[in-house]
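A.B. asks: One file is attached below, input-v1.cif, containing mmCIF, C-alpha atoms.
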```
data_model
#
loop_
_atom_site.label_atom_id
_atom_site.label_comp_id
_atom_site.auth_asym_id
_atom_site.auth_seq_id
_atom_site.Cartn_x
_atom_site.Cartn_y
_atom_site.Cartn_z
CA MET T 52 77.82 44.74 -110.14
CA GLU T 53 79.26 48.28 -110.01
CA THR T 54 77.35 48.98 -106.80
CA GLN T 55 78.74 45.81 -105.21
CA GLN T 56 82.27 46.90 -106.12
CA GLU T 57 81.66 50.34 -104.66
CA PHE T 58 80.71 48.79 -101.35
CA THR T 59 83.38 46.13 -101.02
CA SER T 60 86.55 47.75 -102.45
CA MET T 61 89.04 48.39 -99.69
CA PRO T 62 92.67 49.40 -99.19
CA ARG T 63 95.16 46.69 -98.32
CA ILE T 64 97.98 46.27 -95.84
CA GLY T 65 100.96 48.21 -97.16
CA ASP T 66 98.82 50.72 -99.06
CA LYS T 67 98.87 54.43 -98.38
CA ALA T 68 95.82 55.21 -96.24
CA PRO T 69 93.23 56.90 -98.49
CA GLU T 70 93.07 60.64 -97.85
CA PHE T 71 89.88 62.33 -96.73
CA LYS T 72 88.62 65.47 -95.03
CA ALA T 73 85.89 65.08 -92.42
CA VAL T 74 83.74 66.85 -89.89
CA THR T 75 84.11 65.32 -86.42
CA THR T 76 83.03 65.89 -82.84
CA GLN T 77 86.45 67.49 -82.29
CA GLY T 78 86.45 69.74 -85.36
CA ASP T 79 87.54 69.16 -88.95
CA ILE T 80 90.35 66.73 -89.70
CA ASN T 81 92.45 65.71 -92.68
CA PHE T 82 93.32 62.03 -92.51
CA PRO T 83 95.97 60.72 -92.41
CA SER T 84 98.02 63.90 -92.98
CA ASP T 85 97.01 65.46 -89.65
CA TYR T 86 98.47 62.40 -87.92
CA ASN T 87 101.79 62.12 -89.78
CA GLY T 88 104.65 61.33 -87.43
CA GLY T 89 102.50 59.21 -85.13
CA TRP T 90 100.42 56.07 -85.25
CA SER T 91 96.66 56.20 -85.59
CA ILE T 92 93.77 53.78 -85.34
CA LEU T 93 90.77 54.53 -87.55
CA PHE T 94 87.80 52.43 -86.51
CA SER T 95 84.17 52.28 -87.61
CA HIS T 96 81.01 51.35 -85.75
CA PRO T 97 77.53 50.56 -87.07
CA ALA T 98 75.42 53.26 -85.41
CA ASP T 99 75.07 55.67 -82.52
CA PHE T 100 72.87 54.74 -79.55
CA THR T 101 73.55 51.01 -79.96
CA PRO T 102 74.63 48.94 -76.95
CA VAL T 103 77.67 47.11 -78.37
CA CYS T 104 79.06 50.36 -79.78
CA THR T 105 78.40 52.10 -76.48
CA SER T 106 80.43 49.48 -74.61
CA GLU T 107 83.25 49.90 -77.14
CA PHE T 108 83.37 53.69 -76.93
CA ILE T 109 83.42 53.60 -73.14
CA THR T 110 86.30 51.12 -73.27
CA PHE T 111 88.29 52.96 -75.95
CA ALA T 112 87.82 56.34 -74.24
CA SER T 113 89.00 54.90 -70.90
CA LEU T 114 92.14 53.62 -72.66
CA GLU T 115 92.85 56.72 -74.74
CA ASP T 116 95.72 57.92 -72.53
CA LYS T 117 97.31 54.47 -72.71
CA PHE T 118 97.19 54.56 -76.53
CA LYS T 119 98.49 58.15 -76.56
CA GLU T 120 101.45 57.05 -74.44
CA ALA T 121 102.21 54.58 -77.24
CA ASN T 122 102.16 57.47 -79.76
CA CYS T 123 98.75 56.50 -81.16
CA SER T 124 95.68 58.63 -81.87
CA LEU T 125 92.15 57.22 -82.01
CA ILE T 126 89.60 58.25 -84.67
CA GLY T 127 86.08 56.82 -84.77
CA LEU T 128 83.56 56.81 -87.62
CA SER T 129 79.94 56.01 -88.23
CA ILE T 130 77.36 56.87 -90.85
CA ASP T 131 75.34 58.95 -88.38
CA GLY T 132 75.39 62.76 -88.32
CA LEU T 133 77.33 65.12 -86.11
CA TYR T 134 74.41 66.08 -83.84
CA SER T 135 73.54 62.43 -83.31
CA HIS T 136 77.19 61.82 -82.37
CA ILE T 137 77.16 64.68 -79.87
CA ALA T 138 73.92 63.54 -78.26
CA TRP T 139 75.14 59.95 -78.00
CA LEU T 140 78.47 60.91 -76.44
CA ARG T 141 76.67 63.13 -73.93
CA SER T 142 74.42 60.19 -73.05
CA ILE T 143 77.47 57.97 -72.54
CA LYS T 144 79.01 60.48 -70.14
CA ASP T 145 75.82 61.27 -68.22
CA LYS T 146 73.99 57.94 -68.05
CA ILE T 147 76.00 54.84 -68.91
CA GLU T 148 78.16 52.71 -66.64
CA TYR T 149 79.95 49.66 -68.02
CA LYS T 150 82.28 47.35 -66.07
CA GLY T 151 82.75 50.02 -63.42
CA MET T 152 83.56 52.70 -66.00
CA LYS T 153 81.29 55.74 -65.77
CA ASN T 154 81.29 59.48 -66.39
CA ILE T 155 83.41 58.71 -69.43
CA ASP T 156 84.18 61.69 -71.64
CA VAL T 157 84.95 60.64 -75.23
CA LYS T 158 87.61 63.12 -76.33
CA PHE T 159 88.86 61.53 -79.53
CA PRO T 160 87.17 62.59 -82.79
CA LEU T 161 84.09 60.78 -84.08
CA ILE T 162 83.64 61.31 -87.82
CA GLU T 163 80.33 62.24 -89.43
CA ASP T 164 79.91 60.15 -92.60
CA ILE T 165 76.27 60.55 -93.64
CA THR T 166 77.16 60.22 -97.34
CA MET T 167 79.04 56.97 -96.59
CA GLU T 168 81.87 58.28 -98.77
CA ILE T 169 84.62 57.45 -96.27
CA ALA T 170 83.07 54.12 -95.29
CA LYS T 171 82.99 53.09 -98.96
CA LYS T 172 86.56 54.32 -99.54
CA TYR T 173 87.79 52.10 -96.70
CA GLY T 174 85.59 49.08 -97.46
CA MET T 175 83.69 49.45 -94.19
CA LEU T 176 80.38 48.55 -95.83
CA GLN T 177 79.87 44.83 -96.29
CA PRO T 178 76.58 44.29 -98.20
CA ASN T 179 76.06 40.72 -97.02
CA GLU T 180 76.26 41.96 -93.43
CA ASP T 181 74.40 45.28 -93.86
CA SER T 182 74.39 47.71 -96.78
CA THR T 183 73.68 50.82 -94.68
CA LYS T 184 75.81 50.26 -91.56
CA ALA T 185 79.59 50.10 -91.32
CA VAL T 186 80.98 46.89 -89.86
CA ARG T 187 83.50 47.11 -87.02
CA ALA T 188 86.60 47.81 -89.08
CA VAL T 189 89.96 48.73 -87.53
CA PHE T 190 92.83 50.26 -89.52
CA PHE T 191 96.28 50.71 -87.97
CA VAL T 192 98.13 53.48 -89.81
CA ASP T 193 101.83 54.12 -89.18
CA PRO T 194 103.67 57.48 -88.92
CA LYS T 195 104.20 57.53 -92.70
CA GLY T 196 100.49 57.08 -93.43
CA ILE T 197 100.81 53.43 -94.43
CA ILE T 198 98.17 50.87 -93.43
CA ARG T 199 99.90 48.20 -91.36
CA THR T 200 97.05 46.06 -90.01
CA ILE T 201 93.36 45.66 -90.83
CA ILE T 202 90.89 43.85 -88.56
CA TYR T 203 87.20 43.34 -89.30
CA TYR T 204 84.46 42.29 -86.88
CA PRO T 205 80.79 41.62 -87.66
CA LEU T 206 78.06 43.89 -86.29
CA SER T 207 77.27 41.53 -83.43
CA LEU T 208 80.83 41.17 -82.06
CA GLY T 209 82.46 43.75 -79.81
CA ARG T 210 86.18 44.27 -80.26
CA ASN T 211 88.92 43.02 -77.92
CA PHE T 212 90.78 46.16 -76.85
CA ASP T 213 93.61 44.29 -75.17
CA GLU T 214 94.32 42.77 -78.58
CA LEU T 215 94.21 46.14 -80.34
CA TYR T 216 96.80 47.48 -77.89
CA ARG T 217 98.90 44.32 -78.25
CA VAL T 218 98.91 44.74 -82.04
CA LEU T 219 99.99 48.38 -81.74
CA ILE T 220 102.93 47.52 -79.45
CA ALA T 221 103.92 44.51 -81.58
CA LEU T 222 103.99 46.57 -84.78
CA GLN T 223 106.18 49.20 -83.16
CA THR T 224 108.45 46.54 -81.67
CA ALA T 225 108.92 44.95 -85.10
CA ASP T 226 109.91 48.33 -86.54
CA ALA T 227 112.14 49.42 -83.67
CA PHE T 228 114.11 46.18 -83.33
CA ASP T 229 113.82 44.69 -86.84
CA VAL T 230 112.18 41.52 -85.57
CA ALA T 231 108.90 39.63 -85.85
CA THR T 232 106.60 38.61 -83.02
CA PRO T 233 105.32 35.03 -82.55
CA ALA T 234 101.88 33.76 -81.63
CA ASP T 235 100.36 35.40 -78.54
CA TRP T 236 103.43 37.64 -78.13
CA ARG T 237 103.49 40.28 -75.44
CA PRO T 238 106.33 42.59 -74.39
CA GLY T 239 108.96 40.54 -72.56
CA ASP T 240 108.34 37.37 -74.56
CA ASP T 241 111.01 36.17 -76.98
CA VAL T 242 110.92 37.70 -80.45
CA ILE T 243 111.52 36.01 -83.80
CA ILE T 244 114.63 36.68 -85.88
CA GLY T 245 114.19 36.53 -89.65
CA PRO T 246 115.31 33.34 -91.45
CA ALA T 247 118.98 33.05 -92.38
CA GLY T 248 119.72 34.40 -95.85
CA SER T 249 122.65 32.11 -96.56
CA CYS T 250 124.00 28.68 -95.71
CA GLY T 251 126.87 30.27 -93.80
CA THR T 252 124.55 32.33 -91.63
CA ALA T 253 122.35 29.31 -91.00
CA LYS T 254 125.42 27.30 -89.88
CA ASP T 255 126.63 30.10 -87.61
CA ARG T 256 123.23 30.25 -85.98
CA MET T 257 123.05 26.52 -85.38
CA ASP T 258 126.63 26.54 -84.05
CA GLY T 259 125.62 29.13 -81.47
CA LYS T 260 127.81 31.87 -82.94
CA GLU T 261 125.02 34.42 -82.85
CA ASP T 262 123.19 35.80 -79.85
CA MET T 263 119.97 33.87 -80.30
CA ASP T 264 118.29 30.55 -79.55
CA CYS T 265 117.81 28.46 -82.69
CA LYS T 266 115.62 25.35 -82.70
CA ASP T 267 116.48 24.97 -86.38
CA TRP T 268 118.08 27.26 -88.97
CA TYR T 269 114.76 28.92 -89.81
CA PHE T 270 113.33 29.21 -86.26
CA CYS T 271 115.44 31.48 -84.10
CA THR T 272 114.40 33.67 -81.19
CA LYS T 273 116.07 36.10 -78.86
CA LYS T 274 115.16 37.89 -75.68
CA ILE T 275 114.34 41.58 -75.51
CA SER T 276 113.18 42.66 -72.10
CA LYS T 277 109.81 44.26 -71.55
CA GLU T 278 111.58 47.27 -70.08
CA GLU T 279 113.77 47.74 -73.16
CA ILE T 280 110.80 47.51 -75.50
CA LEU T 281 108.57 49.89 -73.57
CA ASP T 282 111.45 52.32 -72.98
CA LYS T 283 111.91 52.53 -76.75
CA ILE T 284 108.21 52.84 -77.62
CA LEU T 285 106.36 54.66 -74.87
CA LYS T 286 106.46 58.43 -74.48
CA LYS T 287 108.25 59.71 -71.40
#
```
Step by step, read the file and then write its structure as structure tokens.
C.D. replies:
Amino acid sequence: METQQEFTSMPRIGDKAPEFKAVTTQGDINFPSDYNGGWSILFSHPADFTPVCTSEFITFASLEDKFKEANCSLIGLSIDGLYSHIAWLRSIKDKIEYKGMKNIDVKFPLIEDITMEIAKKYGMLQPNEDSTKAVRAVFFVDPKGIIRTIIYYPLSLGRNFDELYRVLIALQTADAFDVATPADWRPGDDVIIGPAGSCGTAKDRMDGKEDMDCKDWYFCTKKISKEEILDKILKK
């Protein structure tokens, strides 16, 4: 029972991201303290030299500048060793083409976690899936080191990187404008305003006294242009 708990315990949304020091393909890091002041995505993959992971690393590396523009650093992890990581990333650059992407140089750090200490700390090991390989976990960590979103995928399912970017922009939009984002939201779509906190506010909203569109007192939206959102979030 203790072993099961060791594998499956995991931080939760709103928790401080567990601290760790690690050796990576880009040198030693301290997470999340090295990334304070910016967003970061910590993601795990099952193993080096596997095809689904290879497709993911090519995709993430090709999008790294786009994520950096949104003030976000990428950090990968697997339970393989540093030299395996280096050999795999060299193979990706020299030999692999995927969806027209080739000669891809993976510049973000890939963590060595042979002891599985970090994977266990973040609940990346799911025994019913595989007790020796990390599932495809994704942790979004904000500039204060707080976990804001967690997404898990099984070993067989490659991640949707458009969705990961959408989540990053939506989280920053919610913070910057004090709003929520509805289903399938993308920059330029209407945002959600929090429910009225009093009967008077609810009446004002329904009477059209506030700058928003209310279908009922609890469901109100307003427009924020894509340009305004991206101007606030993206680095110049």
A.B. asks: If the PyMOL selection byres ((chain T and resi 77-89) around 6) is run on the structure shown, which residues does it catch, given as a list in words?
C.D. replies: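 Applied to this file, the PyMOL selection byres ((chain T and resi 77-89) around 6) selects Glu70, Phe71, Lys72, Ala73, Val74, Thr75, Thr76, Trp90, Asn122, Pro160, Pro194, Lys195 and Gly196 of chain T.
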A.B. asks: Go ahead and save the residues from that selection, with C-alpha atoms, as a PDB file, in the frame of the given file.
C.D. replies:
```
ATOM      1  CA  GLU T  70      93.070  60.640 -97.850  1.00  0.00           C
ATOM      2  CA  PHE T  71      89.880  62.330 -96.730  1.00  0.00           C
ATOM      3  CA  LYS T  72      88.620  65.470 -95.030  1.00  0.00           C
ATOM      4  CA  ALA T  73      85.890  65.080 -92.420  1.00  0.00           C
ATOM      5  CA  VAL T  74      83.740  66.850 -89.890  1.00  0.00           C
ATOM      6  CA  THR T  75      84.110  65.320 -86.420  1.00  0.00           C
ATOM      7  CA  THR T  76      83.030  65.890 -82.840  1.00  0.00           C
ATOM      8  CA  TRP T  90     100.420  56.070 -85.250  1.00  0.00           C
ATOM      9  CA  ASN T 122     102.160  57.470 -79.760  1.00  0.00           C
ATOM     10  CA  PRO T 160      87.170  62.590 -82.790  1.00  0.00           C
ATOM     11  CA  PRO T 194     103.670  57.480 -88.920  1.00  0.00           C
ATOM     12  CA  LYS T 195     104.200  57.530 -92.700  1.00  0.00           C
ATOM     13  CA  GLY T 196     100.490  57.080 -93.430  1.00  0.00           C
TER      14      GLY T 196
END
```
A.B. asks: Taking all atoms listed in the file into account, name the residue in T:Ile162, T:Leu114, T:Lys146, T:Asp66 that is nearest to Asp99 in chain T.
C.D. replies: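 Closest to Asp99 in chain T, using all atoms listed in the file: T:Ile162.
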A.B. asks: Using all atoms listed in the file for the distances, tell me which of T:Leu161, T:Ile130, T:Met167, T:Leu215 is nearest to Val189 in chain T.
C.D. replies: T:Leu215
A.B. asks: For the file shown, report as a list in words the outcome of the PyMOL selection byres ((chain T and resi 101) around 12) at residue level.
C.D. replies: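 With the PyMOL selection byres ((chain T and resi 101) around 12) on this model, the match is His96, Pro97, Ala98, Asp99, Phe100, Pro102, Val103, Cys104, Thr105, Ser106, Glu107, Phe108, Ser129, Asp131, Ser135, His136, Trp139, Leu140, Ser142, Ile143, Ile147, Lys184, Leu206, Ser207 and Gly209 of chain T.
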A.B. asks: Would you kindly translate the PyMOL selection byres ((chain T and resi 243-245) around 9) into the concrete residues it picks from this file, as a PyMOL selection string?
C.D. replies: chain T and resi 229-233+241-242+246-248+263+269-273
A.B. asks: Can you measure CA of Leu285 in chain T to CA of Ala121 in chain T for me? One decimal in Å is fine.
C.D. replies: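 Straight-line distance from CA of Leu285 in chain T to CA of Ala121 in chain T works out to 4.8 Å.
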A.B. asks: Measuring between all atoms listed in the file, which one of T:Ile109, T:Lys158, T:Gln223, T:Glu278 shows the shortest distance to Val192 in chain T?
C.D. replies: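 So, comparing all the options, the nearest one is T:Gln223.
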A.B. asks: What is the CA of Lys277 in chain T to CA of Asp240 in chain T distance in Å?
C.D. replies: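 Taking CA of Lys277 in chain T as the start and CA of Asp240 in chain T as the end point, the length is 7.7 Å.
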A.B. asks: Taking only C-alpha atoms into account, which of T:Phe159, T:Tyr173, T:Phe118, T:Tyr134 comes nearest Leu219 in chain T?
C.D. replies: T:Phe118
A.B. asks: Let me make sure I understand: among T:Arg187, T:Arg210, T:Arg217, T:Lys286, which one has the smallest atom-to-atom distance to Phe94 in chain T if we use only C-alpha atoms?
C.D. replies: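 Checking each of T:Arg187, T:Arg210, T:Arg217, T:Lys286 against Phe94 in chain T, counting only C-alpha atoms, the winner is T:Arg187.
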A.B. asks: Could you rebuild range 106-140 of chain T with N, CA and C atoms and give me the result as a CSV table (one decimal), keeping the file's coordinate frame?
C.D. replies:
```
chain,number,residue,atom,x,y,z
T,106,SER,N,79.4,50.2,-75.4
T,106,SER,CA,80.4,49.5,-74.6
T,106,SER,C,81.8,49.7,-75.2
T,107,GLU,N,81.9,49.7,-76.5
T,107,GLU,CA,83.2,49.9,-77.1
T,107,GLU,C,83.8,51.3,-76.9
T,108,PHE,N,82.9,52.3,-77.1
T,108,PHE,CA,83.4,53.7,-76.9
T,108,PHE,C,83.8,54.0,-75.5
T,109,ILE,N,83.0,53.4,-74.5
T,109,ILE,CA,83.4,53.6,-73.1
T,109,ILE,C,84.8,53.0,-72.9
T,110,THR,N,85.0,51.8,-73.5
T,110,THR,CA,86.3,51.1,-73.3
T,110,THR,C,87.4,51.9,-73.9
T,111,PHE,N,87.2,52.3,-75.2
T,111,PHE,CA,88.3,53.0,-76.0
T,111,PHE,C,88.6,54.3,-75.3
T,112,ALA,N,87.6,55.0,-74.9
T,112,ALA,CA,87.8,56.3,-74.2
T,112,ALA,C,88.6,56.2,-72.9
T,113,SER,N,88.3,55.1,-72.2
T,113,SER,CA,89.0,54.9,-70.9
T,113,SER,C,90.5,54.5,-71.1
T,114,LEU,N,90.8,54.0,-72.3
T,114,LEU,CA,92.1,53.6,-72.7
T,114,LEU,C,92.9,54.6,-73.5
T,115,GLU,N,92.2,55.8,-73.8
T,115,GLU,CA,92.8,56.7,-74.7
T,115,GLU,C,94.2,57.2,-74.3
T,116,ASP,N,94.4,57.5,-73.0
T,116,ASP,CA,95.7,57.9,-72.5
T,116,ASP,C,96.8,56.8,-72.7
T,117,LYS,N,96.4,55.6,-72.5
T,117,LYS,CA,97.3,54.5,-72.7
T,117,LYS,C,97.8,54.4,-74.2
T,118,PHE,N,96.8,54.6,-75.1
T,118,PHE,CA,97.2,54.6,-76.5
T,118,PHE,C,98.0,55.8,-76.9
T,119,LYS,N,97.7,56.9,-76.3
T,119,LYS,CA,98.5,58.2,-76.6
T,119,LYS,C,99.9,58.0,-76.1
T,120,GLU,N,100.1,57.3,-75.0
T,120,GLU,CA,101.4,57.0,-74.4
T,120,GLU,C,102.3,56.2,-75.4
T,121,ALA,N,101.6,55.4,-76.2
T,121,ALA,CA,102.2,54.6,-77.2
T,121,ALA,C,102.2,55.3,-78.6
T,122,ASN,N,102.1,56.6,-78.6
T,122,ASN,CA,102.2,57.5,-79.8
T,122,ASN,C,101.1,57.1,-80.8
T,123,CYS,N,99.8,56.9,-80.3
T,123,CYS,CA,98.8,56.5,-81.2
T,123,CYS,C,97.5,57.3,-80.9
T,124,SER,N,96.9,57.9,-81.9
T,124,SER,CA,95.7,58.6,-81.9
T,124,SER,C,94.5,57.7,-82.3
T,125,LEU,N,93.4,58.0,-81.7
T,125,LEU,CA,92.2,57.2,-82.0
T,125,LEU,C,91.2,58.1,-82.8
T,126,ILE,N,90.6,57.5,-83.9
T,126,ILE,CA,89.6,58.2,-84.7
T,126,ILE,C,88.5,57.3,-85.0
T,127,GLY,N,87.3,57.6,-84.5
T,127,GLY,CA,86.1,56.8,-84.8
T,127,GLY,C,85.3,57.3,-86.0
T,128,LEU,N,84.4,56.5,-86.5
T,128,LEU,CA,83.6,56.8,-87.6
T,128,LEU,C,82.3,56.0,-87.6
T,129,SER,N,81.2,56.7,-87.9
T,129,SER,CA,79.9,56.0,-88.2
T,129,SER,C,79.2,56.8,-89.3
T,130,ILE,N,78.1,56.2,-89.8
T,130,ILE,CA,77.4,56.9,-90.8
T,130,ILE,C,76.3,57.8,-90.3
T,131,ASP,N,76.3,58.0,-89.0
T,131,ASP,CA,75.3,59.0,-88.4
T,131,ASP,C,75.9,60.4,-88.5
T,132,GLY,N,75.0,61.4,-88.2
T,132,GLY,CA,75.4,62.8,-88.3
T,132,GLY,C,76.0,63.3,-87.1
T,133,LEU,N,76.6,64.5,-87.2
T,133,LEU,CA,77.3,65.1,-86.1
T,133,LEU,C,76.5,65.3,-84.9
T,134,TYR,N,75.2,65.8,-85.0
T,134,TYR,CA,74.4,66.1,-83.8
T,134,TYR,C,74.0,64.8,-83.1
T,135,SER,N,73.8,63.7,-83.9
T,135,SER,CA,73.5,62.4,-83.3
T,135,SER,C,74.8,62.0,-82.5
T,136,HIS,N,76.0,62.2,-83.1
T,136,HIS,CA,77.2,61.8,-82.4
T,136,HIS,C,77.3,62.6,-81.0
T,137,ILE,N,77.0,63.9,-81.1
T,137,ILE,CA,77.2,64.7,-79.9
T,137,ILE,C,76.2,64.2,-78.8
T,138,ALA,N,74.9,64.0,-79.2
T,138,ALA,CA,73.9,63.5,-78.3
T,138,ALA,C,74.3,62.2,-77.7
T,139,TRP,N,74.8,61.3,-78.5
T,139,TRP,CA,75.1,60.0,-78.0
T,139,TRP,C,76.3,60.0,-77.0
T,140,LEU,N,77.3,60.8,-77.3
T,140,LEU,CA,78.5,60.9,-76.4
T,140,LEU,C,78.1,61.6,-75.1
```
